[in-house]
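Participant: Below you'll find run-v9.tsv; it's TSV, C-alpha atoms.
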chain	number	residue	atom	x	y	z
A	1	ARG	CA	218.81	174.23	87.10
A	2	ALA	CA	216.47	175.54	84.38
A	3	GLY	CA	213.64	173.41	85.82
A	4	ALA	CA	214.37	174.72	89.31
A	5	ARG	CA	214.34	178.36	88.07
A	6	LYS	CA	211.03	177.76	86.29
A	7	THR	CA	209.48	176.27	89.39
A	8	ASN	CA	210.66	179.18	91.51
A	9	SER	CA	209.18	181.70	89.04
A	10	GLN	CA	205.83	179.90	89.15
A	11	LEU	CA	205.83	179.96	92.94
A	12	VAL	CA	206.59	183.70	92.93
A	13	ALA	CA	203.76	184.38	90.46
A	14	GLN	CA	201.33	182.31	92.56
A	15	ARG	CA	202.33	184.21	95.71
A	16	GLN	CA	201.82	187.58	93.95
A	17	ALA	CA	198.42	186.41	92.74
A	18	ASP	CA	197.48	185.39	96.28
A	19	LYS	CA	198.54	188.80	97.57
A	20	ARG	CA	195.88	190.59	95.49
A	21	SER	CA	193.52	192.81	97.35
A	22	LEU	CA	189.90	191.97	98.06
A	23	GLY	CA	188.78	194.64	95.61
A	24	ALA	CA	190.79	193.08	92.78
A	25	GLN	CA	189.37	189.65	93.58
A	26	PHE	CA	185.82	191.06	93.65
A	27	LYS	CA	186.40	192.85	90.35
A	28	GLN	CA	187.67	189.66	88.73
A	29	GLN	CA	184.74	187.60	90.01
A	30	LEU	CA	182.28	190.31	88.84
A	31	ALA	CA	183.85	190.28	85.37
A	32	GLU	CA	183.54	186.50	85.22
A	33	LEU	CA	179.88	186.74	86.28
A	34	ILE	CA	179.16	189.36	83.59
A	35	ARG	CA	180.81	187.21	80.94
A	36	MET	CA	178.72	184.22	82.07
A	37	ILE	CA	175.49	186.27	81.93
A	38	GLU	CA	176.30	187.69	78.50
A	39	SER	CA	177.12	184.24	77.12
A	40	GLY	CA	173.55	183.02	77.86
A	41	ARG	CA	170.07	184.31	77.14
A	42	ALA	CA	168.51	186.40	79.89
A	43	HIS	CA	165.06	185.44	81.17
A	44	TYR	CA	163.39	187.51	83.84
A	45	VAL	CA	161.03	185.96	86.38
A	46	ARG	CA	158.41	188.04	88.16
A	47	CYS	CA	156.90	186.61	91.32
A	48	ILE	CA	153.18	187.20	91.94
A	49	LYS	CA	151.48	186.61	95.29
A	50	PRO	CA	148.17	184.77	94.77
A	51	ASN	CA	146.78	185.94	98.15
A	52	ASN	CA	147.75	187.78	101.32
A	53	LEU	CA	146.65	184.94	103.60
A	54	ARG	CA	149.60	182.73	102.65
A	55	ARG	CA	147.34	179.77	102.02
A	56	ALA	CA	147.58	177.14	99.35
A	57	HIS	CA	144.98	176.83	96.58
A	58	VAL	CA	143.58	180.34	97.27
A	59	PHE	CA	143.63	182.71	94.27
A	60	ASP	CA	142.69	186.39	94.70
A	61	ALA	CA	142.06	187.61	91.14
A	62	PRO	CA	141.83	191.42	91.77
A	63	GLN	CA	145.06	191.40	93.75
A	64	VAL	CA	146.86	189.41	91.06
A	65	ILE	CA	145.62	191.80	88.33
A	66	ARG	CA	146.76	194.78	90.40
A	67	GLN	CA	150.23	193.25	90.82
A	68	LEU	CA	150.48	192.55	87.08
A	69	ARG	CA	149.48	196.13	86.24
A	70	CYS	CA	151.91	197.62	88.74
A	71	SER	CA	154.79	195.50	87.47
A	72	GLY	CA	153.98	196.38	83.85
A	73	VAL	CA	153.38	192.84	82.75
A	74	THR	CA	150.01	193.60	81.14
A	75	GLU	CA	151.48	196.48	79.13
A	76	THR	CA	154.42	194.30	78.11
A	77	VAL	CA	152.06	191.54	76.94
A	78	ARG	CA	149.93	194.07	75.03
A	79	ALA	CA	153.02	195.55	73.40
A	80	ARG	CA	154.40	192.12	72.48
A	81	ARG	CA	151.07	191.14	70.96
A	82	ALA	CA	150.90	194.35	68.95
A	83	GLY	CA	154.48	194.00	67.68
A	84	TRP	CA	156.86	191.21	66.71
A	85	PRO	CA	157.88	189.67	70.03
A	86	VAL	CA	159.53	186.51	68.72
A	87	SER	CA	162.66	186.65	66.55
A	88	HIS	CA	165.04	184.01	65.22
A	89	PRO	CA	168.25	184.28	63.20
A	90	PHE	CA	167.86	182.96	59.69
A	91	GLU	CA	170.14	179.97	60.18
A	92	GLU	CA	168.56	179.02	63.50
A	93	PHE	CA	165.04	179.36	62.03
A	94	VAL	CA	165.92	177.18	59.04
A	95	ASP	CA	167.69	174.58	61.19
A	96	ARG	CA	164.77	174.41	63.64
A	97	TYR	CA	161.83	174.21	61.22
A	98	SER	CA	163.43	172.60	58.16
A	99	GLY	CA	162.28	169.15	59.28
A	100	VAL	CA	158.67	170.37	59.58
A	101	TYR	CA	158.98	171.98	56.14
A	102	MET	CA	160.35	168.85	54.47
A	103	ARG	CA	157.76	166.62	56.18
A	104	ALA	CA	154.84	168.86	55.13
A	105	SER	CA	156.00	169.79	51.61
A	106	GLY	CA	157.88	166.65	50.63
A	107	GLN	CA	160.68	168.77	49.15
A	108	ALA	CA	164.41	168.96	49.83
A	109	HIS	CA	166.13	170.98	52.55
A	110	PRO	CA	165.13	174.67	52.31
A	111	LYS	CA	167.76	177.26	51.54
A	112	THR	CA	166.26	180.42	53.04
A	113	ALA	CA	164.06	181.31	56.01
A	114	GLU	CA	161.64	183.09	53.69
A	115	GLU	CA	160.89	179.84	51.88
A	116	VAL	CA	160.07	178.11	55.15
A	117	ALA	CA	157.96	181.01	56.43
A	118	ARG	CA	155.97	181.33	53.18
A	119	PHE	CA	155.09	177.63	53.25
A	120	LEU	CA	154.37	177.18	56.97
A	121	LEU	CA	152.80	180.62	57.61
A	122	LYS	CA	150.20	181.33	54.97
A	123	SER	CA	149.55	184.94	55.94
A	124	GLU	CA	152.41	187.41	55.43
A	125	THR	CA	151.07	189.60	58.25
A	126	GLU	CA	152.29	187.04	60.78
A	127	TRP	CA	155.99	187.39	59.95
A	128	ARG	CA	158.54	189.90	58.70
A	129	LEU	CA	162.10	189.58	57.47
A	130	GLY	CA	164.92	191.70	58.84
A	131	HIS	CA	168.55	191.91	57.82
A	132	THR	CA	169.66	188.95	59.96
A	133	LYS	CA	166.49	187.76	61.72
A	134	ILE	CA	162.90	186.79	61.02
A	135	PHE	CA	160.24	188.31	63.29
A	136	LEU	CA	157.06	186.46	64.26
A	137	ARG	CA	153.86	187.22	66.11
A	138	ASP	CA	152.86	185.20	69.17
A	139	ALA	CA	150.12	183.21	67.40
A	140	ALA	CA	152.43	182.35	64.49
A	141	SER	CA	155.24	181.35	66.85
A	142	ALA	CA	152.84	179.19	68.92
A	143	GLY	CA	151.56	177.49	65.75
A	144	LEU	CA	155.09	176.81	64.54
A	145	GLU	CA	156.10	175.45	67.96
A	146	GLU	CA	153.06	173.19	68.01
A	147	ARG	CA	153.89	171.80	64.58
A	148	TYR	CA	157.53	171.47	65.66
A	149	LYS	CA	156.46	169.49	68.76
A	150	VAL	CA	154.29	167.22	66.63
A	151	PHE	CA	157.20	166.70	64.22
A	152	LYS	CA	159.59	165.91	67.08
A	153	LEU	CA	157.06	163.53	68.60
A	154	SER	CA	156.60	161.75	65.27
A	155	CYS	CA	160.39	161.53	64.88
A	156	LYS	CA	160.70	160.13	68.38
A	157	LEU	CA	157.93	157.61	67.73
A	158	LEU	CA	159.53	156.62	64.42
A	159	LEU	CA	162.93	156.26	66.09
A	160	GLN	CA	161.37	154.22	68.91
A	161	ALA	CA	159.57	152.05	66.37
A	162	ARG	CA	162.78	151.46	64.42
A	163	VAL	CA	164.73	150.71	67.61
A	164	ARG	CA	161.98	148.40	68.88
A	165	ALA	CA	161.83	146.72	65.48
A	166	TRP	CA	165.59	146.23	65.53
A	167	LEU	CA	165.46	144.91	69.09
A	168	SER	CA	162.57	142.62	68.19
A	169	TRP	CA	164.44	141.41	65.12
A	170	SER	CA	167.55	140.81	67.23
A	171	LYS	CA	165.47	138.88	69.78
A	172	TYR	CA	163.77	137.03	66.95
A	173	ARG	CA	167.11	136.00	65.49
A	174	VAL	CA	168.38	134.91	68.91
A	175	TRP	CA	165.12	133.07	69.61
A	176	GLY	CA	165.16	131.61	66.12
A	177	SER	CA	168.65	130.22	66.54
A	178	ALA	CA	167.75	129.00	70.04
A	179	SER	CA	164.54	127.39	68.74
A	180	VAL	CA	166.47	125.71	65.91
A	181	ARG	CA	168.99	124.44	68.46
A	182	ILE	CA	166.19	123.21	70.72
A	183	GLN	CA	164.46	121.55	67.77
A	184	SER	CA	167.67	119.81	66.72
A	185	ILE	CA	168.31	118.60	70.27
A	186	TYR	CA	164.70	117.47	70.64
A	187	ARG	CA	164.80	115.65	67.30
A	188	MET	CA	168.09	114.02	68.25
A	189	TRP	CA	166.63	112.98	71.61
A	190	THR	CA	163.46	111.63	69.98
A	191	ALA	CA	165.56	109.77	67.39
A	192	VAL	CA	167.71	108.23	70.14
A	193	ARG	CA	164.59	107.38	72.14
A	194	ASP	CA	162.91	105.80	69.11
A	195	ARG	CA	166.09	103.90	68.28
A	196	LYS	CA	166.32	102.58	71.84
A	197	ALA	CA	162.64	101.64	71.79
A	198	LYS	CA	163.08	99.86	68.46
A	199	ALA	CA	166.18	98.05	69.77
A	200	VAL	CA	164.26	96.93	72.87
A	201	SER	CA	161.30	95.81	70.73
A	202	LEU	CA	163.65	93.96	68.37
A	203	ARG	CA	165.34	92.19	71.27
A	204	ARG	CA	161.96	91.25	72.70
A	205	LEU	CA	160.81	89.97	69.31
A	206	GLN	CA	163.99	87.93	68.89
A	207	ALA	CA	163.56	86.45	72.37
A	208	SER	CA	159.92	85.65	71.66
A	209	LEU	CA	160.77	84.00	68.33
A	210	ARG	CA	163.57	81.99	69.93
A	211	ARG	CA	161.31	80.96	72.80
A	212	THR	CA	158.52	79.97	70.38
A	213	SER	CA	160.90	77.93	68.21
A	214	ALA	CA	162.41	76.26	71.30
A	215	GLN	CA	158.93	75.45	72.62
A	216	ALA	CA	157.92	74.07	69.22
A	217	ARG	CA	161.02	71.85	69.14
A	218	LEU	CA	160.36	70.75	72.72
A	219	ARG	CA	156.74	69.89	71.92
A	220	THR	CA	157.82	67.95	68.84
A	221	ARG	CA	160.36	65.97	70.83
A	222	ALA	CA	157.88	65.37	73.66
A	223	SER	CA	155.18	64.13	71.25
A	224	ALA	CA	157.71	61.89	69.52
A	225	ALA	CA	158.82	60.51	72.91
A	226	ARG	CA	155.22	59.91	73.94
A	227	GLN	CA	154.46	58.19	70.65
A	228	LEU	CA	157.54	56.00	71.10
A	229	GLN	CA	156.59	55.20	74.67
A	230	ALA	CA	153.03	54.40	73.59
A	231	ALA	CA	154.26	52.18	70.80
A	232	MET	CA	156.51	50.36	73.25
A	233	ARG	CA	153.84	50.05	75.98
A	234	ALA	CA	150.83	49.33	73.71
A	235	PRO	CA	150.76	45.45	73.27
A	236	GLY	CA	150.45	44.35	76.92
A	237	PRO	CA	147.92	46.98	77.98
A	238	ARG	CA	145.86	46.36	74.83
A	239	ARG	CA	145.51	42.68	75.66
A	240	GLU	CA	144.66	43.51	79.26
A	241	PHE	CA	142.19	46.12	78.05
A	242	ALA	CA	140.58	43.63	75.65
A	243	ALA	CA	140.18	41.08	78.45
A	244	VAL	CA	138.78	43.65	80.86
A	245	LYS	CA	136.47	44.93	78.14
A	246	ALA	CA	135.17	41.40	77.38
A	247	GLY	CA	134.56	40.75	81.10
A	248	ALA	CA	132.81	44.07	81.47
A	249	LEU	CA	130.62	43.31	78.44
A	250	CYS	CA	129.66	39.97	79.88
A	251	LEU	CA	128.89	41.52	83.24
A	252	GLN	CA	126.86	44.25	81.60
A	253	ALA	CA	124.94	41.68	79.53
A	254	GLY	CA	124.11	39.57	82.61
A	255	THR	CA	123.08	42.59	84.61
A	256	ARG	CA	120.90	43.90	81.79
A	257	ARG	CA	119.31	40.44	81.33
A	258	GLU	CA	118.43	40.17	84.99
A	259	SER	CA	117.08	43.71	85.08
A	260	ALA	CA	115.03	43.01	81.92
A	261	SER	CA	113.64	39.76	83.43
A	262	ALA	CA	112.67	41.55	86.64
A	263	ALA	CA	111.02	44.33	84.65
A	264	HIS	CA	109.09	41.77	82.52
A	265	ALA	CA	107.91	39.97	85.64
A	266	ARG	CA	106.75	43.24	87.14
A	267	VAL	CA	104.89	44.12	83.94
A	268	VAL	CA	103.22	40.69	83.78
A	269	SER	CA	102.17	40.86	87.44
A	270	ALA	CA	100.82	44.37	86.86
A	271	VAL	CA	98.78	43.20	83.84
A	272	ILE	CA	97.39	40.27	85.78
A	273	ALA	CA	96.44	42.47	88.72
A	274	LYS	CA	94.77	44.92	86.37
A	275	GLU	CA	92.74	42.16	84.70
A	276	ARG	CA	91.67	40.80	88.09
A	277	GLU	CA	90.58	44.27	89.20
A	278	GLU	CA	88.55	44.75	86.05
A	279	GLU	CA	86.90	41.32	86.54
A	280	ARG	CA	85.99	42.19	90.10
A	281	ARG	CA	84.49	45.52	89.05
A	282	ARG	CA	82.48	43.84	86.29
A	283	ARG	CA	81.04	41.28	88.75
A	284	GLU	CA	80.14	44.04	91.23
A	285	LYS	CA	78.35	45.93	88.47
A	286	GLU	CA	76.39	42.87	87.40
A	287	GLU	CA	75.37	42.26	91.02
A	288	ARG	CA	74.17	45.83	91.34
A	289	ASP	CA	72.24	45.57	88.11
A	290	GLN	CA	70.58	42.37	89.29
A	291	LEU	CA	69.63	43.96	92.62
A	292	ALA	CA	68.19	46.96	90.85
A	293	ALA	CA	66.13	44.77	88.53
A	294	ALA	CA	64.83	42.80	91.51
A	295	GLU	CA	63.86	45.97	93.29
A	296	GLN	CA	61.99	47.17	90.21
A	297	GLU	CA	60.11	43.91	89.90
A	298	ARG	CA	59.17	43.95	93.55
A	299	ALA	CA	57.97	47.53	93.24
A	300	ALA	CA	55.95	46.63	90.21
A	301	ALA	CA	54.41	43.67	92.02
A	302	GLU	CA	53.46	45.75	94.98
A	303	ALA	CA	51.90	48.33	92.73
Since I need it in another form, could you write the structure as structure tokens?

Facilitator:
Amino acid sequence: RAGARKTNSQLVAQRQADKRSLGAQFKQQLAELIRMIESGRAHYVRCIKPNNLRRAHVFDAPQVIRQLRCSGVTETVRARRAGWPVSHPFEEFVDRYSGVYMRASGQAHPKTAEEVARFLLKSETEWRLGHTKIFLRDAASAGLEERYKVFKLSCKLLLQARVRAWLSWSKYRVWGSASVRIQSIYRMWTAVRDRKAKAVSLRRLQASLRRTSAQARLRTRASAARQLQAAMRAPGPRREFAAVKAGALCLQAGTRRESASAAHARVVSAVIAKEREEERRRREKEERDQLAAAEQERAAAEA
């Protein structure tokens, strides 16, 4: 029952809230909008027309200057330059530029904004201290922001370098373990391959040695069998060979004797023929000499 009563009360309250007038709803929404605007920092944007032709990339300088003067922007810029346009609470200033201060000075975290301002801004005309804020000129604020950007960039680069180094080291460890695993597997595979190759070579060597020893035994037995066969077959063939050899010697002797006799007869007949030819030539020469002498005598007698 209590739960039912509570539910009914909530429904009644929701119905009453829905029955609010449009003015009450508008007032509530306006209050929420004001609270939202006050919770943030207001920034005003002024729109400037670059030209009246509504064309891109066309800039009419006199018209733009006239618009800036009419809107009061030039006077606002001049006033901000002459005064202290930029202000920061002490805590925010210290929190924002403490890193730049520690990086440049090499000291510990600063305690006051004045300490940071005196170190980073050399001239005291560029800044002033209030009760709760520090006031800066535009040039000083731009210089501080530039140094702050450089500091942030260096921090980002350092962080990236550390992260990349950690990632590279992680990859290196993973790759190192993987390379060690690959090396162990490769060494195991090479060892198994070498062992198999050695086993095959050993089996081949054993087979070759066994074949060589078997061949040597076979040759020994074959030579012994041939020697035994020769010893058993030698007497009869030797006698036959001796008889054939004696007959061949006799035949060779007779043949050589006949050939020698025929050669001697040819030599003797050649010598005799040569002597006869020489005798004939000698007689012909003597006859010619005699005829020549007779011719000379006859010539002498006629003379």

Participant: Go ahead and compute the interatomic distance for atom CA of Thr255 of chain A and atom CA of Glu240 of chain A, in Å to one decimal.

Facilitator: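 Pair atom CA of Thr255 of chain A / atom CA of Glu240 of chain A returns 22.3 Å.
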
Participant: What gap, in Å, lies between atom CA of Arg266 of chain A and atom CA of Ala248 of chain A?

Facilitator: 26.7 Å

Participant: One decimal, in Å: what's the spacing between atom CA of Phe93 of chain A and atom CA of Ala117 of chain A?

Facilitator: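 So the two atoms, atom CA of Phe93 of chain A and atom CA of Ala117 of chain A, lie 9.2 Å apart.
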
Participant: Given the choices A:Val192, A:Met232, A:Leu209, A:Ser98, which gets closest to Lys111 of chain A if the distance is worked out from all atoms listed in the file?

Facilitator: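 Going through A:Val192, A:Met232, A:Leu209, A:Ser98 one by one, the smallest distance to Lys111 of chain A is for A:Ser98.
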
Participant: Give as number ranges by chain each residue that has an atom at most 12 Å from (158.4, 183.8, 57.2) in the file, counting all atoms listed in the file.

Facilitator: A: 86-90, 93-94, 97, 101, 112-130, 133-137, 140-141, 144
